[in-house]
Amino acid sequence: GTDDAESVLSFRAFSPWSSGADWMFKLPPREHPRCIAASSHGAAAVTSLGMLRLFSCGGVQRHIESLPGRVVTCVARNDMLLLVLEALGTLKSNMGARRLEYEYILMSIDGQTRLASGCCPVTPAGEIVWAGFSEEGHPATCDSKGMLRVLHRYWAARDACWVPVLDTRRLSHERGSREAFWPVALSACQFIVVTCKNKSRFPPFPRPILDELDVEIPLLHTDTSVGQQEAKLLASQLFGEQQSAEAERTASEYPGGASAQARDDLEQDKLLLRLIQLACKADKTQRAVDLALMIKLDRSFDAAIKIAVHQKQATLAERLMRMKESKFSNENEDYASDSDDDTSQRDSTTAAALNARRHRPPVATYGQKRSNDDSGKDNSDMDLSEDGGDSGQPAKPSGMAAAVTGDDASELAVVRPAKPPMTS
């Protein structure tokens, strides 16, 4: 149609829980959608006028803003929206070729929060051909030269960086074939693609076959056993840190629960132990110490010490024992200190409550018959309990909640406030 024709945005939920979940909007004349994205938390549309329009799943217009450059693509996952834009101006390389520079914006899909933004790297003389999210939540891009990157530590904006996790061009050279790969999906272990033969840029018709490429961070000397183990370790740490941080950011559980997190930590320690063994065999004690600094579990340290002893590295074994004692004793002391602080705080609160109760004025008992006890003892405690007191039990410290349980509401349970999580 012409530029005066009206464009329409239409949304239809895959599995609506209520009726009337579909919605539709007509755009003004001369404004047309250039790219769209949708997730379980909302939808986004970038138009030809440089407008970013954000909607809730129910069709509520949540946010609108003007973007600084032409948008190349946008993609959404859960509550996150990734925008890739052409940066202002181009650069000229030494070869005389001109190439575009890119920028990215990572924001919440309701438009209320900017998580990270900055330059989006691309291989020289290349251009971005795909953007998406990994299964673990990493924003990812792939350029025309076959370099796959993920945005790491985006939850701490100043520390955000793009990490290359796979060089498909090098993989194609190793296979000795002229292949290109059409990206489909990414996980911690695999890059799902469609293999395009003879350097074709597009998948074959009618139904392409999906291939799985193992994620391999392009470190040096990956043709050796040490280089391969280091690449596996770095990838495991990268995606493990992402899962932990994403669970903390969204206040959700680690994927698979605490047992899965412990299993992932153990797998990382196993990779470290293999590298420590290779370092001991090569008599590289400093390398073994560097690797031991990354060990997470107590028993893994014991295994590293056994490896050093078995390889007749007595000096290394002694150093590892001191490192273990220093690391885990400090952790235990920190935990004990936190526990002591909590206990002392509770004790001081309880003591203050008891002291206040002892100095509380007695309840008036005018007209009541005195006790037959002629010892002259103060009966204020008895009067207090008869007046609805706690029968001599310590008063409930402030900061605690009393919960009524049972059918007859006769059982009281004191619920202490949860200890705040430790932050690193």
# chains A, B, ... in the order shown; residues from 1 in each chain; ligands from 1

call {"tool": "select_by_dssp", "arguments": {"residues": "range 173-360 of chain A", "states": "strand (DSSP E or B)", "output": "list in words"}}
result
Glu179, Ala180, Phe181, Trp182, Pro183, Val184, Ala185, Leu186, Gln190, Phe191, Ile192, Val193, Val194, Thr195, Cys196, Lys197, Leu210, Asp211, Glu212, Leu213 and Asp214 of chain A

call {"tool": "residues_around", "arguments": {"residues": "range 127-132 of chain A", "least_positions_apart": "4", "cutoff": "6 Å", "atoms": "only C-alpha atoms", "output": "list in words"}}
result
Val75, Pro139, Ala140, Thr141, Cys142, Asp143 and Ser144 of chain A

call {"tool": "write_last_selection", "arguments": {"atoms": "N, CA, C and O atoms", "output": "mmCIF file, in the first residue's frame"}}
result
data_model
loop_
_atom_site.group_PDB
_atom_site.id
_atom_site.type_symbol
_atom_site.label_atom_id
_atom_site.label_comp_id
_atom_site.auth_asym_id
_atom_site.auth_seq_id
_atom_site.Cartn_x
_atom_site.Cartn_y
_atom_site.Cartn_z
ATOM 1 N N VAL A 75 13.979 -8.089 20.247
ATOM 2 C CA VAL A 75 13.579 -9.423 20.690
ATOM 3 C C VAL A 75 13.256 -9.350 22.175
ATOM 4 O O VAL A 75 13.844 -8.544 22.915
ATOM 5 N N PRO A 139 21.211 -12.191 26.749
ATOM 6 C CA PRO A 139 21.032 -11.564 25.429
ATOM 7 C C PRO A 139 22.183 -11.987 24.515
ATOM 8 O O PRO A 139 23.339 -12.069 24.947
ATOM 9 N N ALA A 140 21.883 -12.279 23.252
ATOM 10 C CA ALA A 140 22.902 -12.824 22.345
ATOM 11 C C ALA A 140 22.753 -12.222 20.964
ATOM 12 O O ALA A 140 21.650 -11.845 20.549
ATOM 13 N N THR A 141 23.890 -12.143 20.251
ATOM 14 C CA THR A 141 23.893 -11.699 18.861
ATOM 15 C C THR A 141 24.833 -12.588 18.059
ATOM 16 O O THR A 141 25.761 -13.199 18.608
ATOM 17 N N CYS A 142 24.609 -12.643 16.763
ATOM 18 C CA CYS A 142 25.493 -13.362 15.849
ATOM 19 C C CYS A 142 25.681 -12.482 14.616
ATOM 20 O O CYS A 142 24.703 -11.917 14.098
ATOM 21 N N ASP A 143 26.937 -12.329 14.158
ATOM 22 C CA ASP A 143 27.182 -11.477 13.003
ATOM 23 C C ASP A 143 27.413 -12.310 11.750
ATOM 24 O O ASP A 143 27.454 -13.552 11.785
ATOM 25 N N SER A 144 27.557 -11.620 10.624
ATOM 26 C CA SER A 144 27.680 -12.293 9.334
ATOM 27 C C SER A 144 29.000 -13.045 9.190
ATOM 28 O O SER A 144 29.135 -13.861 8.275
#

call {"tool": "residues_around", "arguments": {"residues": "range 305-318 of chain A", "least_positions_apart": "3", "cutoff": "7 Å", "atoms": "only C-alpha atoms", "output": "ChimeraX atom specification"}}
result
/A:277,280-281,285,301-302,321-322

call {"tool": "write_last_selection", "arguments": {"atoms": "N, CA and C atoms", "output": "compact mmCIF listing (two decimals), in the first residue's frame"}}
result
# COMPACT_ATOMS: atom_id res chain seq x y z
N GLN A 277 45.24 -31.54 38.07
CA GLN A 277 46.00 -32.77 37.82
C GLN A 277 46.97 -32.60 36.66
N CYS A 280 49.86 -30.44 37.81
CA CYS A 280 50.81 -31.17 38.66
C CYS A 280 51.71 -32.08 37.82
N LYS A 281 51.12 -32.72 36.82
CA LYS A 281 51.93 -33.59 35.96
C LYS A 281 52.98 -32.79 35.19
N THR A 285 53.28 -25.63 39.53
CA THR A 285 52.61 -25.47 40.82
C THR A 285 51.84 -24.15 40.92
N PHE A 301 38.55 -29.39 47.70
CA PHE A 301 39.89 -29.03 48.17
C PHE A 301 40.63 -30.26 48.67
N ASP A 302 39.93 -31.13 49.37
CA ASP A 302 40.54 -32.39 49.83
C ASP A 302 41.03 -33.21 48.64
N MET A 321 46.62 -26.98 51.70
CA MET A 321 46.02 -27.17 53.02
C MET A 321 45.86 -25.83 53.74
N ARG A 322 46.86 -24.96 53.62
CA ARG A 322 46.75 -23.64 54.25
C ARG A 322 45.65 -22.82 53.57

call {"tool": "atom_distance", "arguments": {"atom1": "CA of Thr224 in chain A", "atom2": "CA of Arg274 in chain A"}}
result
13.6 Å

call {"tool": "residues_around", "arguments": {"residues": "Met294 in chain A", "least_positions_apart": "2", "cutoff": "12 Å", "atoms": "only C-alpha atoms", "output": "PyMOL selection string"}}
result
chain A and resi 233-234+237+265-266+268-273+275-276+287-292+296-298+300-301+304+323-324+327

call {"tool": "closest_atom_pairs", "arguments": {"of": "range 25-138 of chain A", "to": "range 160-167 of chain A", "cutoff": "10 Å", "atoms": "only C-alpha atoms", "output": "Markdown table"}}
result
| residue | atom | partner | partner_atom | distance |
| --- | --- | --- | --- | --- |
| A:Leu115 | CA | A:Ala160 | CA | 9.6 |
| A:Ala116 | CA | A:Ala160 | CA | 7.2 |
| A:Ser117 | CA | A:Ala160 | CA | 8.7 |
| A:Gly118 | CA | A:Ala160 | CA | 9.2 |
| A:Cys119 | CA | A:Trp162 | CA | 9.4 |
| A:Cys120 | CA | A:Trp162 | CA | 7.7 |
| A:Pro121 | CA | A:Trp162 | CA | 7.4 |

call {"tool": "residues_around", "arguments": {"residues": "Ala38 in chain A", "least_positions_apart": "3", "cutoff": "6 Å", "atoms": "only C-alpha atoms", "output": "list in words"}}
result
Gly42, Ala43 and Ala76 of chain A

call {"tool": "write_last_selection", "arguments": {"atoms": "C-alpha atoms", "output": "PDB file, in the first residue's frame"}}
result
ATOM      1  CA  GLY A  42       4.064  -7.914  27.021  1.00  0.00           C
ATOM      2  CA  ALA A  43       4.707  -6.794  23.448  1.00  0.00           C
ATOM      3  CA  ALA A  76      11.849 -10.113  24.012  1.00  0.00           C
TER       4      ALA A  76
END

call {"tool": "closest_residue", "arguments": {"among": "A:Ala279, A:Ser244, A:Cys74, A:Pro28", "to": "Val226 in chain A", "atoms": "only C-alpha atoms"}}
result
A:Ala279

call {"tool": "atom_distance", "arguments": {"atom1": "CA of Ser15 in chain A", "atom2": "CA of Ile64 in chain A"}}
result
26.7 Å

call {"tool": "residues_around", "arguments": {"residues": "Tyr254 in chain A", "least_positions_apart": "6", "cutoff": "12 Å", "atoms": "only C-alpha atoms", "output": "PyMOL selection string"}}
result
chain A and resi 136+240-248+260-264

call {"tool": "write_last_selection", "arguments": {"atoms": "N, CA, C and O atoms", "output": "PDB file, in the first residue's frame"}}
result
ATOM      1  N   GLU A 136      19.147 -19.638  29.187  1.00  0.00           N
ATOM      2  CA  GLU A 136      19.418 -19.182  30.545  1.00  0.00           C
ATOM      3  C   GLU A 136      19.125 -17.699  30.739  1.00  0.00           C
ATOM      4  O   GLU A 136      19.174 -17.202  31.862  1.00  0.00           O
ATOM      5  N   GLY A 240      26.644 -20.590  34.523  1.00  0.00           N
ATOM      6  CA  GLY A 240      26.240 -20.802  35.913  1.00  0.00           C
ATOM      7  C   GLY A 240      26.023 -19.494  36.650  1.00  0.00           C
ATOM      8  O   GLY A 240      25.048 -19.330  37.395  1.00  0.00           O
ATOM      9  N   GLU A 241      26.929 -18.540  36.442  1.00  0.00           N
ATOM     10  CA  GLU A 241      26.774 -17.222  37.053  1.00  0.00           C
ATOM     11  C   GLU A 241      25.525 -16.523  36.525  1.00  0.00           C
ATOM     12  O   GLU A 241      24.816 -15.837  37.268  1.00  0.00           O
ATOM     13  N   GLN A 242      25.239 -16.717  35.241  1.00  0.00           N
ATOM     14  CA  GLN A 242      24.042 -16.119  34.657  1.00  0.00           C
ATOM     15  C   GLN A 242      22.774 -16.657  35.311  1.00  0.00           C
ATOM     16  O   GLN A 242      21.861 -15.895  35.660  1.00  0.00           O
ATOM     17  N   GLN A 243      22.712 -17.974  35.514  1.00  0.00           N
ATOM     18  CA  GLN A 243      21.517 -18.556  36.121  1.00  0.00           C
ATOM     19  C   GLN A 243      21.324 -18.065  37.552  1.00  0.00           C
ATOM     20  O   GLN A 243      20.206 -17.763  37.968  1.00  0.00           O
ATOM     21  N   SER A 244      22.420 -17.981  38.319  1.00  0.00           N
ATOM     22  CA  SER A 244      22.320 -17.510  39.702  1.00  0.00           C
ATOM     23  C   SER A 244      21.869 -16.048  39.754  1.00  0.00           C
ATOM     24  O   SER A 244      20.997 -15.680  40.542  1.00  0.00           O
ATOM     25  N   ALA A 245      22.476 -15.214  38.909  1.00  0.00           N
ATOM     26  CA  ALA A 245      22.136 -13.791  38.921  1.00  0.00           C
ATOM     27  C   ALA A 245      20.713 -13.538  38.430  1.00  0.00           C
ATOM     28  O   ALA A 245      20.011 -12.676  38.971  1.00  0.00           O
ATOM     29  N   GLU A 246      20.286 -14.275  37.424  1.00  0.00           N
ATOM     30  CA  GLU A 246      18.927 -14.097  36.913  1.00  0.00           C
ATOM     31  C   GLU A 246      17.896 -14.527  37.949  1.00  0.00           C
ATOM     32  O   GLU A 246      16.841 -13.894  38.097  1.00  0.00           O
ATOM     33  N   ALA A 247      18.189 -15.609  38.694  1.00  0.00           N
ATOM     34  CA  ALA A 247      17.284 -16.038  39.755  1.00  0.00           C
ATOM     35  C   ALA A 247      17.206 -14.980  40.857  1.00  0.00           C
ATOM     36  O   ALA A 247      16.131 -14.694  41.390  1.00  0.00           O
ATOM     37  N   GLU A 248      18.345 -14.363  41.171  1.00  0.00           N
ATOM     38  CA  GLU A 248      18.351 -13.301  42.187  1.00  0.00           C
ATOM     39  C   GLU A 248      17.639 -12.056  41.679  1.00  0.00           C
ATOM     40  O   GLU A 248      16.892 -11.410  42.425  1.00  0.00           O
ATOM     41  N   ALA A 260      20.145 -28.682  41.970  1.00  0.00           N
ATOM     42  CA  ALA A 260      20.743 -28.453  40.657  1.00  0.00           C
ATOM     43  C   ALA A 260      21.913 -27.477  40.751  1.00  0.00           C
ATOM     44  O   ALA A 260      22.936 -27.648  40.076  1.00  0.00           O
ATOM     45  N   GLN A 261      21.781 -26.460  41.606  1.00  0.00           N
ATOM     46  CA  GLN A 261      22.879 -25.505  41.779  1.00  0.00           C
ATOM     47  C   GLN A 261      24.094 -26.189  42.398  1.00  0.00           C
ATOM     48  O   GLN A 261      25.230 -25.955  41.984  1.00  0.00           O
ATOM     49  N   ALA A 262      23.855 -27.053  43.393  1.00  0.00           N
ATOM     50  CA  ALA A 262      24.960 -27.790  44.003  1.00  0.00           C
ATOM     51  C   ALA A 262      25.611 -28.736  42.994  1.00  0.00           C
ATOM     52  O   ALA A 262      26.843 -28.898  42.983  1.00  0.00           O
ATOM     53  N   ARG A 263      24.799 -29.327  42.133  1.00  0.00           N
ATOM     54  CA  ARG A 263      25.342 -30.218  41.103  1.00  0.00           C
ATOM     55  C   ARG A 263      26.194 -29.434  40.098  1.00  0.00           C
ATOM     56  O   ARG A 263      27.261 -29.910  39.690  1.00  0.00           O
ATOM     57  N   ASP A 264      25.757 -28.238  39.727  1.00  0.00           N
ATOM     58  CA  ASP A 264      26.541 -27.413  38.802  1.00  0.00           C
ATOM     59  C   ASP A 264      27.863 -26.978  39.431  1.00  0.00           C
ATOM     60  O   ASP A 264      28.908 -26.956  38.763  1.00  0.00           O
TER      61      ASP A 264
END

call {"tool": "atom_distance", "arguments": {"atom1": "CA of Pro29 in chain A", "atom2": "CA of Gly111 in chain A"}}
result
24.6 Å
